[in-house]
file run04.txt (compact mmCIF, C-alpha atoms)
# COMPACT_ATOMS: atom_id res chain seq x y z
CA MET A 1 11.21 16.33 26.95
CA ASN A 2 10.05 19.86 26.12
CA ALA A 3 8.50 20.45 22.71
CA PRO A 4 10.67 22.54 20.38
CA ILE A 5 9.74 26.07 19.41
CA ILE A 6 9.47 26.45 15.64
CA LYS A 7 11.10 29.70 14.48
CA VAL A 8 9.33 31.36 11.54
CA LEU A 9 10.46 34.18 9.26
CA ILE A 10 7.61 36.11 7.57
CA VAL A 11 8.37 37.86 4.26
CA ASP A 12 5.66 40.17 2.89
CA ASP A 13 5.60 43.76 1.67
CA SER A 14 2.43 44.53 3.67
CA ALA A 15 3.05 45.52 7.30
CA ILE A 16 -0.57 44.64 8.14
CA VAL A 17 -0.21 41.14 6.71
CA ARG A 18 3.08 40.63 8.56
CA GLU A 19 1.56 41.60 11.89
CA THR A 20 -1.63 39.61 11.30
CA LEU A 21 0.40 36.50 10.48
CA ARG A 22 2.54 37.06 13.57
CA GLU A 23 -0.57 37.25 15.74
CA VAL A 24 -2.11 34.15 14.16
CA LEU A 25 1.06 32.03 14.39
CA GLU A 26 2.06 33.09 17.89
CA SER A 27 -1.35 32.01 19.19
CA ASP A 28 0.33 28.58 19.14
CA PRO A 29 2.90 28.24 21.97
CA HIS A 30 5.05 25.96 19.77
CA ILE A 31 5.60 28.68 17.15
CA LYS A 32 7.65 31.86 17.42
CA VAL A 33 7.97 34.52 14.72
CA SER A 34 11.73 35.09 14.91
CA GLY A 35 11.74 37.82 12.27
CA VAL A 36 9.81 39.71 9.60
CA ALA A 37 11.02 41.27 6.33
CA SER A 38 9.36 43.56 3.81
CA ASP A 39 11.11 41.94 0.84
CA PRO A 40 13.44 39.02 0.02
CA ILE A 41 16.58 41.16 0.07
CA PHE A 42 15.98 42.02 3.73
CA ALA A 43 14.95 38.40 4.36
CA LEU A 44 18.25 37.03 3.07
CA LYS A 45 20.11 39.29 5.51
CA LYS A 46 17.93 38.10 8.40
CA ILE A 47 18.56 34.46 7.45
CA GLU A 48 22.29 35.08 7.79
CA GLU A 49 21.75 36.58 11.25
CA GLU A 50 19.46 33.81 12.55
CA ARG A 51 18.40 30.78 10.53
CA PRO A 52 14.64 30.19 10.82
CA ASP A 53 13.06 26.74 10.81
CA VAL A 54 10.31 27.77 8.36
CA ILE A 55 9.84 30.70 5.97
CA ILE A 56 6.44 32.11 4.98
CA THR A 57 6.68 34.33 1.91
CA ASP A 58 4.51 36.10 -0.63
CA VAL A 59 5.32 35.58 -4.31
CA GLU A 60 4.63 39.12 -5.50
CA MET A 61 7.06 41.56 -3.84
CA PRO A 62 9.39 44.47 -4.69
CA ARG A 63 13.12 44.15 -5.47
CA MET A 64 12.98 40.34 -5.77
CA ASP A 65 9.96 38.21 -6.59
CA GLY A 66 9.04 35.25 -4.39
CA ILE A 67 9.91 32.64 -7.04
CA THR A 68 13.47 33.93 -7.36
CA PHE A 69 13.71 34.10 -3.57
CA LEU A 70 12.47 30.51 -3.30
CA LYS A 71 15.03 29.31 -5.86
CA GLU A 72 17.75 31.01 -3.82
CA ILE A 73 16.59 29.27 -0.62
CA MET A 74 16.14 25.85 -2.25
CA SER A 75 19.55 25.94 -3.98
CA ARG A 76 21.43 26.19 -0.67
CA PRO A 77 23.15 23.11 0.79
CA ASP A 78 20.76 23.28 3.75
CA PRO A 79 17.47 24.61 2.31
CA ILE A 80 14.78 26.00 4.59
CA PRO A 81 11.20 24.68 4.23
CA THR A 82 9.13 27.46 2.71
CA VAL A 83 5.38 28.09 2.65
CA ILE A 84 3.78 30.42 0.11
CA CYS A 85 1.29 32.99 1.41
CA SER A 86 -0.49 34.30 -1.65
CA SER A 87 -3.50 36.29 -2.75
CA LYS A 88 -6.46 34.55 -4.36
CA THR A 89 -6.05 36.45 -7.65
CA GLU A 90 -5.56 34.47 -10.85
CA GLU A 91 -1.96 35.65 -11.14
CA GLY A 92 -1.33 34.94 -7.46
CA SER A 93 -2.74 31.42 -7.81
CA GLU A 94 -0.59 30.64 -10.85
CA ASN A 95 2.57 31.95 -9.18
CA ALA A 96 1.84 30.01 -5.99
CA LEU A 97 1.44 26.77 -7.95
CA LYS A 98 4.67 27.52 -9.82
CA ALA A 99 6.38 27.92 -6.44
CA LEU A 100 5.32 24.40 -5.48
CA GLU A 101 7.24 23.10 -8.49
CA PHE A 102 10.36 24.81 -7.16
CA GLY A 103 10.12 23.20 -3.75
CA ALA A 104 7.64 25.19 -1.66
CA ILE A 105 5.97 22.95 0.91
CA ASP A 106 2.44 24.34 0.83
CA ILE A 107 0.17 27.31 0.08
CA ILE A 108 -1.82 29.43 2.50
CA GLN A 109 -4.18 32.21 1.50
CA LYS A 110 -3.44 35.75 2.64
CA PRO A 111 -5.54 36.61 5.71
CA LYS A 112 -8.88 38.30 5.14
CA LEU A 113 -8.23 41.14 7.54
CA GLY A 114 -11.02 41.87 9.97
CA THR A 115 -12.93 38.66 9.19
CA LYS A 116 -13.25 36.96 12.57
CA GLN A 117 -14.26 33.50 11.31
CA PHE A 118 -11.46 33.45 8.73
CA LEU A 119 -8.87 34.44 11.30
CA GLU A 120 -10.11 31.87 13.82
CA GLU A 121 -9.95 29.10 11.21
CA SER A 122 -6.63 30.49 9.96
CA LYS A 123 -5.10 29.80 13.37
CA ILE A 124 -5.78 26.13 12.72
CA ARG A 125 -4.73 26.06 9.07
CA PHE A 126 -1.67 28.33 9.31
CA CYS A 127 -0.22 26.69 12.41
CA ASP A 128 -0.73 23.22 10.97
CA VAL A 129 1.01 24.23 7.74
CA VAL A 130 4.02 25.55 9.67
CA LYS A 131 4.24 22.33 11.68
CA ALA A 132 3.92 20.27 8.49
CA ALA A 133 6.74 22.26 6.88
CA TYR A 134 8.88 21.74 9.97
CA ARG A 135 8.20 18.02 9.92
CA ALA A 136 8.91 17.80 6.20
CA ARG A 137 12.47 18.92 6.90
CA LEU A 138 13.01 16.73 9.96
CA ARG A 139 10.86 13.80 8.72
CA LYS A 140 9.99 12.92 12.31
CA LEU A 141 8.87 15.21 15.09
CA PRO A 142 11.12 15.22 18.18
CA LEU A 143 9.81 13.38 21.20
CA GLY A 144 7.40 15.43 23.24
CA MET A 145 5.98 17.39 20.28
CA THR A 146 2.26 17.49 20.82
CA ALA A 147 -0.56 19.16 18.97
CA VAL A 148 -1.95 22.35 20.47
CA PRO A 149 -5.69 22.13 21.24
CA PRO A 150 -7.58 23.58 18.27
CA VAL A 151 -9.46 26.84 18.52
CA GLN A 152 -12.71 24.97 17.97
CA PRO A 153 -13.63 21.30 18.51
CA LYS A 154 -12.08 18.86 16.06
CA LEU A 155 -15.21 17.67 14.29
CA THR A 156 -15.65 14.38 12.48
CA ALA A 157 -17.52 13.57 9.27
CA ASP A 158 -20.64 13.00 11.40
CA VAL A 159 -21.43 16.71 11.06
CA MET A 160 -21.70 16.39 7.27
CA LEU A 161 -22.90 12.82 6.81
CA PRO A 162 -24.24 10.82 9.78
CA ARG A 163 -23.27 7.17 10.03
CA PRO A 164 -25.71 4.91 8.13
CA ASP A 165 -27.98 2.41 9.81
CA ARG A 166 -26.69 -1.14 9.96
CA GLY A 167 -29.33 -2.18 7.45
CA HIS A 168 -28.13 0.25 4.75
CA LEU A 169 -27.76 -1.57 1.42
CA PHE A 170 -25.80 -0.63 -1.69
CA ILE A 171 -27.34 -0.98 -5.14
CA GLU A 172 -25.40 -3.54 -7.13
CA THR A 173 -23.20 -2.07 -9.86
CA THR A 174 -19.87 -2.73 -11.52
CA GLU A 175 -18.88 0.93 -11.96
CA LYS A 176 -15.66 1.71 -10.10
CA VAL A 177 -14.93 5.07 -8.49
CA VAL A 178 -11.55 6.21 -7.16
CA VAL A 179 -11.42 8.63 -4.21
CA VAL A 180 -8.14 10.24 -3.21
CA GLY A 181 -7.06 12.35 -0.24
CA ALA A 182 -3.83 14.37 0.08
CA SER A 183 -2.41 17.34 1.94
CA THR A 184 1.17 18.63 2.42
CA GLY A 185 3.24 17.55 -0.58
CA GLY A 186 0.13 16.37 -2.37
CA THR A 187 0.12 18.84 -5.24
CA GLU A 188 3.25 17.39 -6.81
CA ALA A 189 2.34 13.84 -5.77
CA LEU A 190 -1.00 14.19 -7.55
CA ARG A 191 0.69 15.57 -10.65
CA GLU A 192 2.90 12.48 -10.84
CA PHE A 193 -0.01 10.15 -9.99
CA LEU A 194 -2.48 11.56 -12.51
CA SER A 195 0.05 11.84 -15.34
CA MET A 196 0.20 8.02 -15.40
CA PHE A 197 -3.46 7.57 -16.36
CA PRO A 198 -4.71 7.20 -19.95
CA GLN A 199 -7.39 9.42 -21.48
CA ASP A 200 -10.09 6.92 -20.50
CA GLY A 201 -8.78 6.45 -16.96
CA PRO A 202 -11.09 5.67 -14.03
CA ALA A 203 -13.64 8.10 -12.63
CA MET A 204 -11.99 9.95 -9.77
CA VAL A 205 -12.76 12.47 -7.02
CA ILE A 206 -9.89 14.10 -5.11
CA VAL A 207 -9.60 16.17 -1.96
CA GLN A 208 -6.32 18.09 -1.80
CA HIS A 209 -6.10 20.44 1.18
CA MET A 210 -5.73 23.81 -0.52
CA PRO A 211 -7.17 27.30 0.03
CA GLU A 212 -10.23 28.66 -1.73
CA HIS A 213 -9.69 29.78 -5.36
CA PHE A 214 -6.36 27.96 -5.69
CA THR A 215 -7.99 24.62 -6.50
CA ARG A 216 -9.34 25.86 -9.84
CA ALA A 217 -5.88 26.95 -10.97
CA PHE A 218 -4.51 23.63 -9.68
CA ALA A 219 -7.12 21.62 -11.62
CA ASN A 220 -6.49 23.63 -14.79
CA ARG A 221 -2.73 23.06 -14.42
CA LEU A 222 -3.23 19.30 -14.07
CA ASP A 223 -5.65 19.25 -17.00
CA GLY A 224 -2.94 20.74 -19.20
CA LEU A 225 -0.37 18.19 -18.05
CA CYS A 226 -2.40 14.96 -18.01
CA LYS A 227 -4.11 12.84 -20.66
CA ILE A 228 -7.13 12.36 -18.39
CA THR A 229 -9.46 15.38 -18.04
CA VAL A 230 -9.17 17.28 -14.74
CA LYS A 231 -11.53 19.98 -13.47
CA GLU A 232 -12.55 21.66 -10.24
CA ALA A 233 -15.71 19.96 -8.97
CA GLU A 234 -19.01 21.79 -9.16
CA ASP A 235 -22.19 20.77 -7.39
CA ASN A 236 -24.01 17.96 -9.23
CA ASP A 237 -21.07 17.19 -11.56
CA THR A 238 -21.35 13.63 -12.87
CA VAL A 239 -18.46 11.34 -11.93
CA LEU A 240 -17.36 9.83 -15.24
CA ARG A 241 -14.64 7.60 -16.60
CA GLY A 242 -11.96 9.77 -18.15
CA ARG A 243 -12.55 12.67 -15.74
CA VAL A 244 -11.03 13.72 -12.42
CA LEU A 245 -12.89 16.11 -10.10
CA ILE A 246 -10.85 18.21 -7.63
CA ALA A 247 -12.77 19.35 -4.54
CA PRO A 248 -12.93 23.17 -4.44
CA GLY A 249 -11.11 24.89 -1.60
CA ASN A 250 -13.27 25.87 1.38
CA ARG A 251 -16.15 23.53 0.33
CA HIS A 252 -16.79 19.94 1.31
CA THR A 253 -17.23 17.48 -1.57
CA LEU A 254 -19.28 14.29 -1.19
CA LEU A 255 -19.79 11.39 -3.57
CA LYS A 256 -23.50 10.67 -4.12
CA ARG A 257 -25.51 8.32 -6.29
CA ALA A 258 -28.84 8.38 -8.14
CA GLY A 259 -29.60 5.03 -9.78
CA SER A 260 -26.52 4.14 -11.82
CA ARG A 261 -25.20 7.72 -11.88
CA TYR A 262 -22.49 8.87 -9.51
CA TYR A 263 -22.26 12.61 -8.92
CA VAL A 264 -20.74 15.00 -6.40
CA GLU A 265 -22.41 17.28 -3.90
CA VAL A 266 -20.38 20.41 -3.11
CA LYS A 267 -21.54 22.15 0.05
CA ASP A 268 -20.61 24.41 2.93
CA GLY A 269 -20.06 23.15 6.46
CA PRO A 270 -17.75 23.39 9.46
CA LEU A 271 -14.12 22.29 9.44
CA VAL A 272 -13.91 18.50 9.68
CA CYS A 273 -10.63 17.10 11.02
CA ARG A 274 -9.49 20.74 10.90
CA HIS A 275 -10.09 20.96 7.14
CA ARG A 276 -12.62 22.06 4.55
CA PRO A 277 -12.69 20.19 2.22
CA SER A 278 -12.13 17.12 4.35
CA VAL A 279 -10.87 13.76 3.14
CA ASP A 280 -12.95 12.02 5.81
CA VAL A 281 -16.15 13.56 4.41
CA LEU A 282 -15.36 12.37 0.87
CA PHE A 283 -14.28 8.91 2.02
CA ARG A 284 -17.35 8.36 4.20
CA SER A 285 -19.67 9.33 1.36
CA ALA A 286 -17.81 6.93 -0.96
CA ALA A 287 -18.12 4.14 1.61
CA ARG A 288 -21.87 4.72 1.74
CA TYR A 289 -22.69 5.22 -1.94
CA ALA A 290 -19.97 3.21 -3.72
CA GLY A 291 -18.97 0.62 -1.11
CA LYS A 292 -17.07 -2.27 -2.63
CA ASN A 293 -16.94 -0.45 -5.96
CA ALA A 294 -14.68 2.25 -4.52
CA ILE A 295 -10.89 2.41 -4.50
CA GLY A 296 -9.54 4.66 -1.76
CA VAL A 297 -6.08 6.25 -1.94
CA ILE A 298 -4.49 8.30 0.83
CA MET A 299 -1.34 10.28 0.14
CA THR A 300 1.23 12.50 1.78
CA GLY A 301 0.04 14.96 4.41
CA MET A 302 0.14 15.90 8.06
CA GLY A 303 -2.57 14.98 10.54
CA ASP A 304 -5.22 12.27 10.51
CA ASP A 305 -7.82 13.53 8.04
CA GLY A 306 -8.92 10.51 6.01
CA ALA A 307 -7.95 7.85 8.56
CA ARG A 308 -11.50 7.25 9.83
CA GLY A 309 -12.97 7.48 6.35
CA MET A 310 -10.39 5.03 5.01
CA LYS A 311 -11.40 2.51 7.67
CA GLU A 312 -15.06 2.98 6.71
CA LEU A 313 -14.17 2.42 3.05
CA HIS A 314 -12.24 -0.71 3.98
CA ASP A 315 -15.10 -2.04 6.11
CA ALA A 316 -17.54 -1.39 3.23
CA GLY A 317 -15.47 -3.64 0.96
CA ALA A 318 -13.48 -1.01 -0.92
CA TYR A 319 -9.86 -1.60 -1.92
CA THR A 320 -7.63 0.85 -0.06
CA ILE A 321 -4.09 2.06 -0.81
CA ALA A 322 -1.70 4.23 1.21
CA GLN A 323 1.44 5.99 0.00
CA ASP A 324 4.57 4.70 1.69
CA GLU A 325 6.75 6.73 4.07
CA GLN A 326 9.77 6.95 1.77
CA SER A 327 7.85 8.75 -1.00
CA CYS A 328 5.81 11.04 1.30
CA VAL A 329 6.77 14.62 2.08
CA VAL A 330 5.00 14.10 5.42
CA PHE A 331 4.01 10.58 6.48
CA GLY A 332 1.11 11.66 8.66
CA MET A 333 -2.21 10.91 6.98
CA PRO A 334 -1.12 7.56 5.50
CA LYS A 335 0.43 6.54 8.81
CA GLU A 336 -2.79 7.27 10.71
CA ALA A 337 -4.89 5.40 8.15
CA ILE A 338 -2.60 2.37 8.43
CA LYS A 339 -2.75 2.57 12.22
CA ALA A 340 -6.57 2.65 12.08
CA GLY A 341 -6.59 -0.65 10.17
CA GLY A 342 -8.13 0.74 7.00
CA VAL A 343 -5.35 0.11 4.48
CA ASP A 344 -5.05 -2.98 2.26
CA VAL A 345 -1.70 -2.16 0.67
CA VAL A 346 1.11 0.37 1.14
CA LEU A 347 2.94 1.41 -2.04
CA PRO A 348 5.51 3.96 -3.23
CA LEU A 349 3.97 6.85 -5.15
CA GLU A 350 5.16 5.65 -8.55
CA LYS A 351 3.31 2.33 -8.19
CA ILE A 352 -0.08 3.58 -6.97
CA ALA A 353 -1.50 4.51 -10.40
CA GLY A 354 -0.68 1.06 -11.78
CA GLU A 355 -2.43 -0.60 -8.84
CA VAL A 356 -5.50 1.60 -9.33
CA LEU A 357 -5.61 0.72 -13.04
CA ARG A 358 -5.34 -2.97 -12.20
CA PHE A 359 -8.49 -2.74 -10.10
CA THR A 360 -10.51 -0.51 -12.42
CA GLN A 361 -9.90 -1.93 -15.89
call {"tool": "encode", "arguments": {"input": "run04.txt", "output": "structure tokens"}}
result
Amino acid sequence: MNAPIIKVLIVDDSAIVRETLREVLESDPHIKVSGVASDPIFALKKIEEERPDVIITDVEMPRMDGITFLKEIMSRPDPIPTVICSSKTEEGSENALKALEFGAIDIIQKPKLGTKQFLEESKIRFCDVVKAAYRARLRKLPLGMTAVPPVQPKLTADVMLPRPDRGHLFIETTEKVVVVGASTGGTEALREFLSMFPQDGPAMVIVQHMPEHFTRAFANRLDGLCKITVKEAEDNDTVLRGRVLIAPGNRHTLLKRAGSRYYVEVKDGPLVCRHRPSVDVLFRSAARYAGKNAIGVIMTGMGDDGARGMKELHDAGAYTIAQDEQSCVVFGMPKEAIKAGGVDVVLPLEKIAGEVLRFTQ
């Protein structure tokens, strides 16, 4: 059976951005840009002419802002999955996060025009986001849908943290550390998850696939909503009870240990499992430095980032939890982790925090 072609409508007031996104997306033979519009008013007319499978829209545009446009799309009987393409400005970040609350599937950062490395990596990120949005609507991909070979090799966590020798030993400790990985749909899932923890909740490090600069706004938003403290991770931050560290966009975050102190290392590196930060990188580091004192949680998202790391956590004696299919926006990452044999228990989103507290109190 032939793989379907995903039809995308791009809405942005910049002609250069529209054409750059078209070029990036149509590098994937499974994606076709079926239309472009300079503002939401034109976009609504194009939707009536030909319904797209996915919409990519800016939030700051003339005549109608992207939030109002999103509300219009989401209020329809048959809403269209929408991805926000936003600038990295403080206002752009806040508006993009607000859009997620109104039903946007994910955020991508506006292309850095003329930056070859960014555009090459964007082909991976942007095309994966479109496919995730398409899957979020259909829940399951049609038979025959296969991933397009990435622009560069799909690297594993070996590039950031080589596998330890068999004789590697963990220092005995009773301190528990929670590591969490999420992607598409994860921003709202994490909001619900973290809001259930008390002020002195367990020490936690989270990788949420999100562009550079947006993670700080995301962490600040969660900090204002949750009893537990939430901040964007910085290199050498101590991992403490009562504090959640969110991996910064475009940087890998590793859990490390010096004596009885856990801390994070934030560093550059290549895409791992097509992402930076990568869940696999965080999970492998937790398997090595926390071992049986770690609790691993993998949430909604497309792809297999975190599956190998979850298995390594499991094999190191950690307790591992996956979000169930019914509560996921996209049941990709949890499904792959379960398939790899690295998951102890599968739970609906609303029960995961309680299970984590049971193992950390």
call {"tool": "residues_around", "arguments": {"input": "run04.txt", "residues": "Arg257 in chain A", "least_positions_apart": "5", "cutoff": "8 Å", "atoms": "all atoms listed in the file", "output": "list of chain:residue names"}}
result
A:Tyr262, A:Tyr263, A:Tyr289, A:Ala290
call {"tool": "residues_around", "arguments": {"input": "run04.txt", "residues": "Val329 in chain A", "least_positions_apart": "5", "cutoff": "7 Å", "atoms": "only C-alpha atoms", "output": "VMD selection string"}}
result
chain A and resid 136 184 to 185 300
call {"tool": "closest_residue", "arguments": {"input": "run04.txt", "among": "A:Ala247, A:Ile10, A:Ala99, A:Ala233", "to": "Leu282 in chain A", "atoms": "only C-alpha atoms"}}
result
A:Ala247
call {"tool": "atom_distance", "arguments": {"input": "run04.txt", "atom1": "CA of Leu271 in chain A", "atom2": "CA of Gly186 in chain A"}}
result
19.4 Å
call {"tool": "residues_around", "arguments": {"input": "run04.txt", "residues": "range 218-224 of chain A", "least_positions_apart": "4", "cutoff": "10 Å", "atoms": "only C-alpha atoms", "output": "list in words"}}
result
Ser93, Glu94, Ala96, Leu97, Lys98, Thr187, Glu188, Leu190, Arg191, Glu192, Leu194, Ser195, Gln208, Met210, His213, Phe214, Ile228, Thr229, Val230, Lys231, Glu232, Ala233, Arg243, Val244, Leu245, Ile246, Ala247 and Pro248 of chain A
call {"tool": "closest_residue", "arguments": {"input": "run04.txt", "among": "A:Gly309, A:Pro81, A:Gly354, A:Pro4", "to": "Asp280 in chain A", "atoms": "all atoms listed in the file"}}
result
A:Gly309
call {"tool": "residues_around", "arguments": {"input": "run04.txt", "residues": "range 30-41 of chain A", "least_positions_apart": "2", "cutoff": "10 Å", "atoms": "all atoms listed in the file", "output": "VMD selection string"}}
result
chain A and resid 3 to 15 18 to 19 21 to 28 43 to 47 50 to 66 68 to 70 72 127 130 to 131 145 to 148
call {"tool": "atom_distance", "arguments": {"input": "run04.txt", "atom1": "CA of Leu240 in chain A", "atom2": "CA of Gly269 in chain A"}}
result
25.6 Å
call {"tool": "atom_distance", "arguments": {"input": "run04.txt", "atom1": "CA of Lys71 in chain A", "atom2": "CA of Met299 in chain A"}}
result
25.8 Å
call {"tool": "residues_around", "arguments": {"input": "run04.txt", "residues": "Val297 in chain A", "least_positions_apart": "5", "cutoff": "9 Å", "atoms": "only C-alpha atoms", "output": "list in words"}}
result
Val178, Val179, Val180, Gly181, Ala182, Met310, Tyr319, Thr320, Ile321, Ala322, Gln323, Val343, Ile352 and Val356 of chain A
call {"tool": "closest_residue", "arguments": {"input": "run04.txt", "among": "A:Ile80, A:Glu312, A:Glu212, A:Ala189", "to": "Ser327 in chain A", "atoms": "all atoms listed in the file"}}
result
A:Ala189
